[in-house]
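Peer 1: My questions all concern the structure below.
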Amino acid sequence: MPSPVNRQAEPRVRYSREQLLAAADRLLPDVIAPGLDVLLCGINPGLWSAASGHHFARPGNRFWPALHRSGFTPRQLRPDEQDLLPGWGLGITNLAARATARADELSRDELTAGGAILRAKVAAFAPRWLAVLGVTAFRVAFGVQAAKVGPQESDAPAPTRLWILPNPSGLNAAWPLPKLTEAFADLRRATLDEARPPAG
């Protein structure tokens, strides 16, 4: 039976347009540790996330519900509980550090540079899986135009394996929450299968 969803809401904070625009210069620290099971890599922080200091914080983003419903966390975390993730073998980083209202405001150069930084981060922290949340951004950052959601061939430093997940933004209408959750669950099953000892 699924674990109950945590219904305690993060305190409702409303940001003015001026506050959100001012947040564009802020950097959002990674939630990361050596040897994670999965390092989840967003495209870049939204203005709401930069203002709050929490990843995937904008109301309507489906990251936290999909993470829980797919079995990665025993309850649905609030964005302000992000520092609990390493206890479940999970972390969060971003391809680009610059906060924007929309991911498509990033330049190709920013994404390409972010891909190089991400490779170095993976080499340093050696997660079992790197999951990039956004197939279009991945194609630009790594120059792999045929990439699709799911497991990828990778030249990432061993022992890290690569998976692409859909962008969980509420603006991504092609991936409603049930479909997004199933994509997350596919990765969850792969991590569990890899952890099981071989039969016999």
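Chain identifiers are assigned as A, B, and so on, following the order in which chains appear in the structure tokens; residues are numbered from 1 within each chain, and ligands are numbered from 1 in order of appearance.
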Name all residues at most 12 Å from A:Phe56 (count only C-alpha atoms; drop same-chain ones fewer than 5 positions away) and give them as a PyMOL selection string.
Peer 2: chain A and resi 28+40-51+61-67+77-82+92-94+99+133+167-170
Peer 1: What would the file look like if the residues just selected were written as a CSV table (one decimal), in the first residue's frame with N, CA, C and O atoms?
Peer 2:
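What follows is the written file out30.csv:
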```csv
chain,number,residue,atom,x,y,z
A,28,LEU,N,21.5,28.8,-6.6
A,28,LEU,CA,20.8,27.8,-5.7
A,28,LEU,C,21.8,26.6,-5.4
A,28,LEU,O,22.2,25.9,-6.4
A,40,LEU,N,19.7,13.9,-9.5
A,40,LEU,CA,18.7,14.4,-10.4
A,40,LEU,C,19.1,15.8,-10.8
A,40,LEU,O,19.4,16.6,-10.0
A,41,CYS,N,19.2,16.0,-12.1
A,41,CYS,CA,19.7,17.3,-12.7
A,41,CYS,C,18.6,18.0,-13.4
A,41,CYS,O,18.2,17.6,-14.5
A,42,GLY,N,18.1,19.1,-12.8
A,42,GLY,CA,17.2,20.0,-13.5
A,42,GLY,C,17.9,20.8,-14.6
A,42,GLY,O,19.1,20.8,-14.7
A,43,ILE,N,17.1,21.6,-15.3
A,43,ILE,CA,17.7,22.4,-16.4
A,43,ILE,C,18.3,23.6,-15.8
A,43,ILE,O,19.5,23.9,-15.9
A,44,ASN,N,17.6,24.4,-15.0
A,44,ASN,CA,18.1,25.5,-14.3
A,44,ASN,C,17.0,26.0,-13.3
A,44,ASN,O,15.9,25.6,-13.4
A,45,PRO,N,17.4,26.7,-12.2
A,45,PRO,CA,16.4,27.1,-11.3
A,45,PRO,C,15.4,28.1,-11.9
A,45,PRO,O,15.8,29.0,-12.7
A,46,GLY,N,14.1,28.0,-11.5
A,46,GLY,CA,13.2,29.0,-11.9
A,46,GLY,C,13.3,30.2,-10.9
A,46,GLY,O,14.0,30.1,-9.9
A,47,LEU,N,12.7,31.3,-11.2
A,47,LEU,CA,12.8,32.5,-10.3
A,47,LEU,C,12.2,32.2,-8.9
A,47,LEU,O,12.7,32.7,-7.9
A,48,TRP,N,11.1,31.4,-8.9
A,48,TRP,CA,10.5,31.1,-7.6
A,48,TRP,C,11.5,30.3,-6.8
A,48,TRP,O,11.6,30.5,-5.6
A,49,SER,N,12.2,29.3,-7.4
A,49,SER,CA,13.1,28.5,-6.6
A,49,SER,C,14.3,29.4,-6.2
A,49,SER,O,14.8,29.2,-5.0
A,50,ALA,N,14.8,30.3,-7.0
A,50,ALA,CA,15.9,31.1,-6.6
A,50,ALA,C,15.5,32.0,-5.5
A,50,ALA,O,16.2,32.3,-4.5
A,51,ALA,N,14.2,32.5,-5.5
A,51,ALA,CA,13.7,33.4,-4.4
A,51,ALA,C,13.6,32.6,-3.1
A,51,ALA,O,13.9,33.2,-2.0
A,61,ASN,N,4.8,22.9,-10.1
A,61,ASN,CA,5.8,22.0,-10.6
A,61,ASN,C,5.5,20.6,-10.0
A,61,ASN,O,5.2,20.4,-8.8
A,62,ARG,N,5.7,19.5,-10.9
A,62,ARG,CA,5.2,18.2,-10.5
A,62,ARG,C,6.4,17.3,-10.0
A,62,ARG,O,6.2,16.1,-9.8
A,63,PHE,N,7.6,17.9,-9.8
A,63,PHE,CA,8.7,17.1,-9.4
A,63,PHE,C,8.5,16.4,-8.1
A,63,PHE,O,8.7,15.2,-8.0
A,64,TRP,N,8.1,17.1,-7.0
A,64,TRP,CA,8.0,16.4,-5.7
A,64,TRP,C,6.9,15.4,-5.7
A,64,TRP,O,7.1,14.3,-5.1
A,65,PRO,N,5.7,15.6,-6.3
A,65,PRO,CA,4.7,14.6,-6.3
A,65,PRO,C,5.1,13.4,-7.1
A,65,PRO,O,4.9,12.2,-6.7
A,66,ALA,N,5.8,13.6,-8.3
A,66,ALA,CA,6.3,12.4,-9.1
A,66,ALA,C,7.3,11.6,-8.4
A,66,ALA,O,7.4,10.4,-8.4
A,67,LEU,N,8.2,12.3,-7.6
A,67,LEU,CA,9.3,11.7,-6.9
A,67,LEU,C,8.7,10.7,-5.9
A,67,LEU,O,9.1,9.6,-5.7
A,77,LEU,N,7.6,15.1,-0.1
A,77,LEU,CA,8.4,16.2,0.5
A,77,LEU,C,7.9,17.6,0.0
A,77,LEU,O,7.5,17.7,-1.1
A,78,ARG,N,8.0,18.6,0.9
A,78,ARG,CA,7.9,19.9,0.5
A,78,ARG,C,9.3,20.4,0.0
A,78,ARG,O,10.3,19.9,0.3
A,79,PRO,N,9.3,21.4,-0.9
A,79,PRO,CA,10.6,21.9,-1.4
A,79,PRO,C,11.5,22.3,-0.2
A,79,PRO,O,12.7,22.1,-0.4
A,80,ASP,N,11.0,22.8,0.9
A,80,ASP,CA,11.9,23.2,2.0
A,80,ASP,C,12.4,22.0,2.8
A,80,ASP,O,13.2,22.2,3.7
A,81,GLU,N,12.1,20.8,2.4
A,81,GLU,CA,12.6,19.6,3.0
A,81,GLU,C,13.6,18.9,2.1
A,81,GLU,O,14.0,17.8,2.3
A,82,GLN,N,14.1,19.7,1.1
A,82,GLN,CA,15.0,19.1,0.1
A,82,GLN,C,16.3,18.5,0.7
A,82,GLN,O,16.9,17.5,0.2
A,92,ILE,N,20.1,16.7,-5.9
A,92,ILE,CA,19.6,17.6,-7.0
A,92,ILE,C,20.8,18.6,-7.4
A,92,ILE,O,21.4,19.2,-6.5
A,93,THR,N,20.9,18.7,-8.7
A,93,THR,CA,21.8,19.8,-9.2
A,93,THR,C,21.1,20.4,-10.5
A,93,THR,O,19.9,20.0,-10.7
A,94,ASN,N,21.7,21.2,-11.2
A,94,ASN,CA,21.2,21.8,-12.4
A,94,ASN,C,22.2,21.9,-13.5
A,94,ASN,O,23.4,22.1,-13.2
A,99,ALA,N,19.2,31.5,-12.9
A,99,ALA,CA,17.7,31.4,-12.7
A,99,ALA,C,17.0,32.2,-13.8
A,99,ALA,O,17.4,33.3,-14.1
A,133,LEU,N,16.6,16.0,-16.2
A,133,LEU,CA,15.2,16.3,-16.3
A,133,LEU,C,14.9,17.3,-17.4
A,133,LEU,O,14.8,18.5,-17.1
A,167,ASN,N,11.0,17.0,-18.3
A,167,ASN,CA,10.9,18.2,-17.5
A,167,ASN,C,9.6,18.3,-16.7
A,167,ASN,O,8.6,18.2,-17.3
A,168,PRO,N,9.7,18.3,-15.3
A,168,PRO,CA,8.5,18.3,-14.5
A,168,PRO,C,7.7,19.6,-14.4
A,168,PRO,O,6.7,19.7,-13.7
A,169,SER,N,8.2,20.7,-15.1
A,169,SER,CA,7.5,21.9,-15.0
A,169,SER,C,6.0,21.8,-15.4
A,169,SER,O,5.7,21.0,-16.3
A,170,GLY,N,5.2,22.6,-14.7
A,170,GLY,CA,3.8,22.6,-15.1
A,170,GLY,C,3.6,23.1,-16.5
A,170,GLY,O,2.5,22.9,-17.0
```
Peer 1: Please report as a tab-separated table every residue of stretch 69-174 of chain A lying within 7 Å of stretch 188-195 of chain A, along with the nearest atom pair and their distance in Å (one decimal), using only C-alpha atoms.
Peer 2:
```
residue	atom	partner	partner_atom	distance
A:Ser70	CA	A:Arg188	CA	6.9
A:Gly71	CA	A:Arg188	CA	6.9
A:Phe72	CA	A:Arg188	CA	6.6
```
Peer 1: Write the residues of the selection above to a file with N, CA, C and O atoms, as a PDB file, in the first residue's frame.
Peer 2:
```pdb
ATOM      1  N   SER A  70       6.329   7.739  -7.471  1.00  0.00           N
ATOM      2  CA  SER A  70       7.112   6.713  -8.165  1.00  0.00           C
ATOM      3  C   SER A  70       7.885   5.815  -7.203  1.00  0.00           C
ATOM      4  O   SER A  70       8.501   4.843  -7.631  1.00  0.00           O
ATOM      5  N   GLY A  71       7.860   6.137  -5.911  1.00  0.00           N
ATOM      6  CA  GLY A  71       8.500   5.286  -4.914  1.00  0.00           C
ATOM      7  C   GLY A  71       9.868   5.720  -4.448  1.00  0.00           C
ATOM      8  O   GLY A  71      10.495   5.025  -3.641  1.00  0.00           O
ATOM      9  N   PHE A  72      10.347   6.858  -4.920  1.00  0.00           N
ATOM     10  CA  PHE A  72      11.676   7.308  -4.491  1.00  0.00           C
ATOM     11  C   PHE A  72      11.692   7.809  -3.049  1.00  0.00           C
ATOM     12  O   PHE A  72      12.709   7.706  -2.374  1.00  0.00           O
TER      13      PHE A  72
END
```
Peer 1: Quick one: residues within 7 Å of A:Pro86, only C-alpha atoms, excluding same-chain residues fewer than 4 positions away - as JSON, numbers by chain?
Peer 2: {"A": [32, 33, 90, 91]}
Peer 1: Those residues you just picked out, can you put them in a file as a PDB file, in the first residue's frame with N, CA, C and O atoms?
Peer 2:
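Contents of out.pdb, freshly written:
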```pdb
ATOM      1  N   ILE A  32      23.678  17.555  -2.625  1.00  0.00           N
ATOM      2  CA  ILE A  32      24.551  16.538  -3.207  1.00  0.00           C
ATOM      3  C   ILE A  32      25.457  15.938  -2.136  1.00  0.00           C
ATOM      4  O   ILE A  32      25.731  16.577  -1.117  1.00  0.00           O
ATOM      5  N   ALA A  33      25.867  14.706  -2.374  1.00  0.00           N
ATOM      6  CA  ALA A  33      26.798  14.005  -1.494  1.00  0.00           C
ATOM      7  C   ALA A  33      27.471  12.918  -2.325  1.00  0.00           C
ATOM      8  O   ALA A  33      26.942  12.515  -3.371  1.00  0.00           O
ATOM      9  N   LEU A  90      19.392  10.347  -2.745  1.00  0.00           N
ATOM     10  CA  LEU A  90      19.035  11.234  -3.847  1.00  0.00           C
ATOM     11  C   LEU A  90      19.691  12.594  -3.694  1.00  0.00           C
ATOM     12  O   LEU A  90      19.969  13.047  -2.580  1.00  0.00           O
ATOM     13  N   GLY A  91      19.926  13.260  -4.808  1.00  0.00           N
ATOM     14  CA  GLY A  91      20.456  14.619  -4.788  1.00  0.00           C
ATOM     15  C   GLY A  91      19.895  15.418  -5.945  1.00  0.00           C
ATOM     16  O   GLY A  91      19.251  14.867  -6.845  1.00  0.00           O
TER      17      GLY A  91
END
```
Peer 1: For the atom pair atom CA of A:Arg139 and atom CA of A:Pro178, what is the interatomic distance in Å to one decimal place?
Peer 2: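 Spanning atom CA of A:Arg139 to atom CA of A:Pro178 is a straight-line distance of 24.4 Å.
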Peer 1: Between atom CA of A:Leu180 and atom CA of A:Lys121, what is the distance in Å, rounded to a tenth?
Peer 2: 26.0 Å
Peer 1: As a PyMOL selection string, please: all residues of stretch 92-194 of chain A that backbone DSSP puts in helix (DSSP H, G or I).
Peer 2: chain A and resi 103-105+108-125+135-142+177-194
Peer 1: If DSSP is run on the backbone, what residues of chain A are strand (DSSP E)? A reply as a list in words would be ideal.
Peer 2: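 DSSP-assigned strand (DSSP E) residues in chain A: Val38, Leu39, Leu40, Cys41, Gly42, Leu90, Gly91, Ile92, Thr93, Asn94, Trp129, Leu130, Ala131, Val132, Leu133, Gly150, Pro151, Gln152, Arg161, Leu162, Trp163, Ile164 and Leu165 of chain A.
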Peer 1: Let's have the selection written as a PDB file, in the first residue's frame, with N, CA and C atoms.
Peer 2:
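For reference, selection.pdb as written:
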```pdb
ATOM      1  N   VAL A  38      20.922   8.254  -7.038  1.00  0.00           N
ATOM      2  CA  VAL A  38      20.484   9.037  -8.200  1.00  0.00           C
ATOM      3  C   VAL A  38      20.764  10.516  -7.947  1.00  0.00           C
ATOM      4  N   LEU A  39      21.487  11.140  -8.854  1.00  0.00           N
ATOM      5  CA  LEU A  39      21.627  12.589  -8.868  1.00  0.00           C
ATOM      6  C   LEU A  39      20.678  13.115  -9.931  1.00  0.00           C
ATOM      7  N   LEU A  40      19.665  13.852  -9.503  1.00  0.00           N
ATOM      8  CA  LEU A  40      18.656  14.409 -10.399  1.00  0.00           C
ATOM      9  C   LEU A  40      19.119  15.791 -10.845  1.00  0.00           C
ATOM     10  N   CYS A  41      19.155  16.007 -12.140  1.00  0.00           N
ATOM     11  CA  CYS A  41      19.685  17.254 -12.680  1.00  0.00           C
ATOM     12  C   CYS A  41      18.593  18.013 -13.414  1.00  0.00           C
ATOM     13  N   GLY A  42      18.138  19.118 -12.823  1.00  0.00           N
ATOM     14  CA  GLY A  42      17.186  19.980 -13.499  1.00  0.00           C
ATOM     15  C   GLY A  42      17.878  20.799 -14.580  1.00  0.00           C
ATOM     16  N   LEU A  90      19.392  10.347  -2.745  1.00  0.00           N
ATOM     17  CA  LEU A  90      19.035  11.234  -3.847  1.00  0.00           C
ATOM     18  C   LEU A  90      19.691  12.594  -3.694  1.00  0.00           C
ATOM     19  N   GLY A  91      19.926  13.260  -4.808  1.00  0.00           N
ATOM     20  CA  GLY A  91      20.456  14.619  -4.788  1.00  0.00           C
ATOM     21  C   GLY A  91      19.895  15.418  -5.945  1.00  0.00           C
ATOM     22  N   ILE A  92      20.122  16.726  -5.924  1.00  0.00           N
ATOM     23  CA  ILE A  92      19.642  17.616  -6.984  1.00  0.00           C
ATOM     24  C   ILE A  92      20.750  18.580  -7.383  1.00  0.00           C
ATOM     25  N   THR A  93      20.923  18.746  -8.693  1.00  0.00           N
ATOM     26  CA  THR A  93      21.780  19.787  -9.244  1.00  0.00           C
ATOM     27  C   THR A  93      21.067  20.353 -10.467  1.00  0.00           C
ATOM     28  N   ASN A  94      21.732  21.249 -11.194  1.00  0.00           N
ATOM     29  CA  ASN A  94      21.154  21.848 -12.395  1.00  0.00           C
ATOM     30  C   ASN A  94      22.190  21.929 -13.502  1.00  0.00           C
ATOM     31  N   TRP A 129      23.475   6.744 -10.683  1.00  0.00           N
ATOM     32  CA  TRP A 129      22.705   7.188 -11.836  1.00  0.00           C
ATOM     33  C   TRP A 129      22.703   8.710 -11.876  1.00  0.00           C
ATOM     34  N   LEU A 130      22.803   9.258 -13.070  1.00  0.00           N
ATOM     35  CA  LEU A 130      22.543  10.671 -13.324  1.00  0.00           C
ATOM     36  C   LEU A 130      21.249  10.739 -14.115  1.00  0.00           C
ATOM     37  N   ALA A 131      20.257  11.457 -13.600  1.00  0.00           N
ATOM     38  CA  ALA A 131      18.976  11.600 -14.291  1.00  0.00           C
ATOM     39  C   ALA A 131      18.785  13.062 -14.664  1.00  0.00           C
ATOM     40  N   VAL A 132      18.821  13.365 -15.956  1.00  0.00           N
ATOM     41  CA  VAL A 132      18.649  14.729 -16.448  1.00  0.00           C
ATOM     42  C   VAL A 132      17.171  14.945 -16.753  1.00  0.00           C
ATOM     43  N   LEU A 133      16.596  15.987 -16.153  1.00  0.00           N
ATOM     44  CA  LEU A 133      15.159  16.250 -16.278  1.00  0.00           C
ATOM     45  C   LEU A 133      14.905  17.269 -17.384  1.00  0.00           C
ATOM     46  N   GLY A 150      14.374   8.067 -21.046  1.00  0.00           N
ATOM     47  CA  GLY A 150      14.716   6.696 -20.706  1.00  0.00           C
ATOM     48  C   GLY A 150      16.215   6.525 -20.551  1.00  0.00           C
ATOM     49  N   PRO A 151      16.703   5.287 -20.466  1.00  0.00           N
ATOM     50  CA  PRO A 151      18.137   5.026 -20.282  1.00  0.00           C
ATOM     51  C   PRO A 151      18.923   5.414 -21.527  1.00  0.00           C
ATOM     52  N   GLN A 152      20.164   5.839 -21.318  1.00  0.00           N
ATOM     53  CA  GLN A 152      21.009   6.324 -22.411  1.00  0.00           C
ATOM     54  C   GLN A 152      22.340   5.592 -22.422  1.00  0.00           C
ATOM     55  N   ARG A 161      25.625   5.731 -14.463  1.00  0.00           N
ATOM     56  CA  ARG A 161      24.814   5.465 -15.651  1.00  0.00           C
ATOM     57  C   ARG A 161      23.860   6.628 -15.870  1.00  0.00           C
ATOM     58  N   LEU A 162      23.366   6.785 -17.093  1.00  0.00           N
ATOM     59  CA  LEU A 162      22.616   7.980 -17.487  1.00  0.00           C
ATOM     60  C   LEU A 162      21.180   7.644 -17.852  1.00  0.00           C
ATOM     61  N   TRP A 163      20.257   8.496 -17.402  1.00  0.00           N
ATOM     62  CA  TRP A 163      18.830   8.365 -17.703  1.00  0.00           C
ATOM     63  C   TRP A 163      18.280   9.758 -17.972  1.00  0.00           C
ATOM     64  N   ILE A 164      17.354   9.869 -18.899  1.00  0.00           N
ATOM     65  CA  ILE A 164      16.675  11.150 -19.138  1.00  0.00           C
ATOM     66  C   ILE A 164      15.226  11.037 -18.679  1.00  0.00           C
ATOM     67  N   LEU A 165      14.796  12.003 -17.886  1.00  0.00           N
ATOM     68  CA  LEU A 165      13.415  12.133 -17.439  1.00  0.00           C
ATOM     69  C   LEU A 165      12.803  13.373 -18.090  1.00  0.00           C
TER      70      LEU A 165
END
```
Peer 1: Could you jot down the atom CA of A:Leu84 to atom CA of A:Pro29 separation for me, Å, one decimal place?
Peer 2: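 Value for the atom CA of A:Leu84-atom CA of A:Pro29 distance: 14.3 Å.
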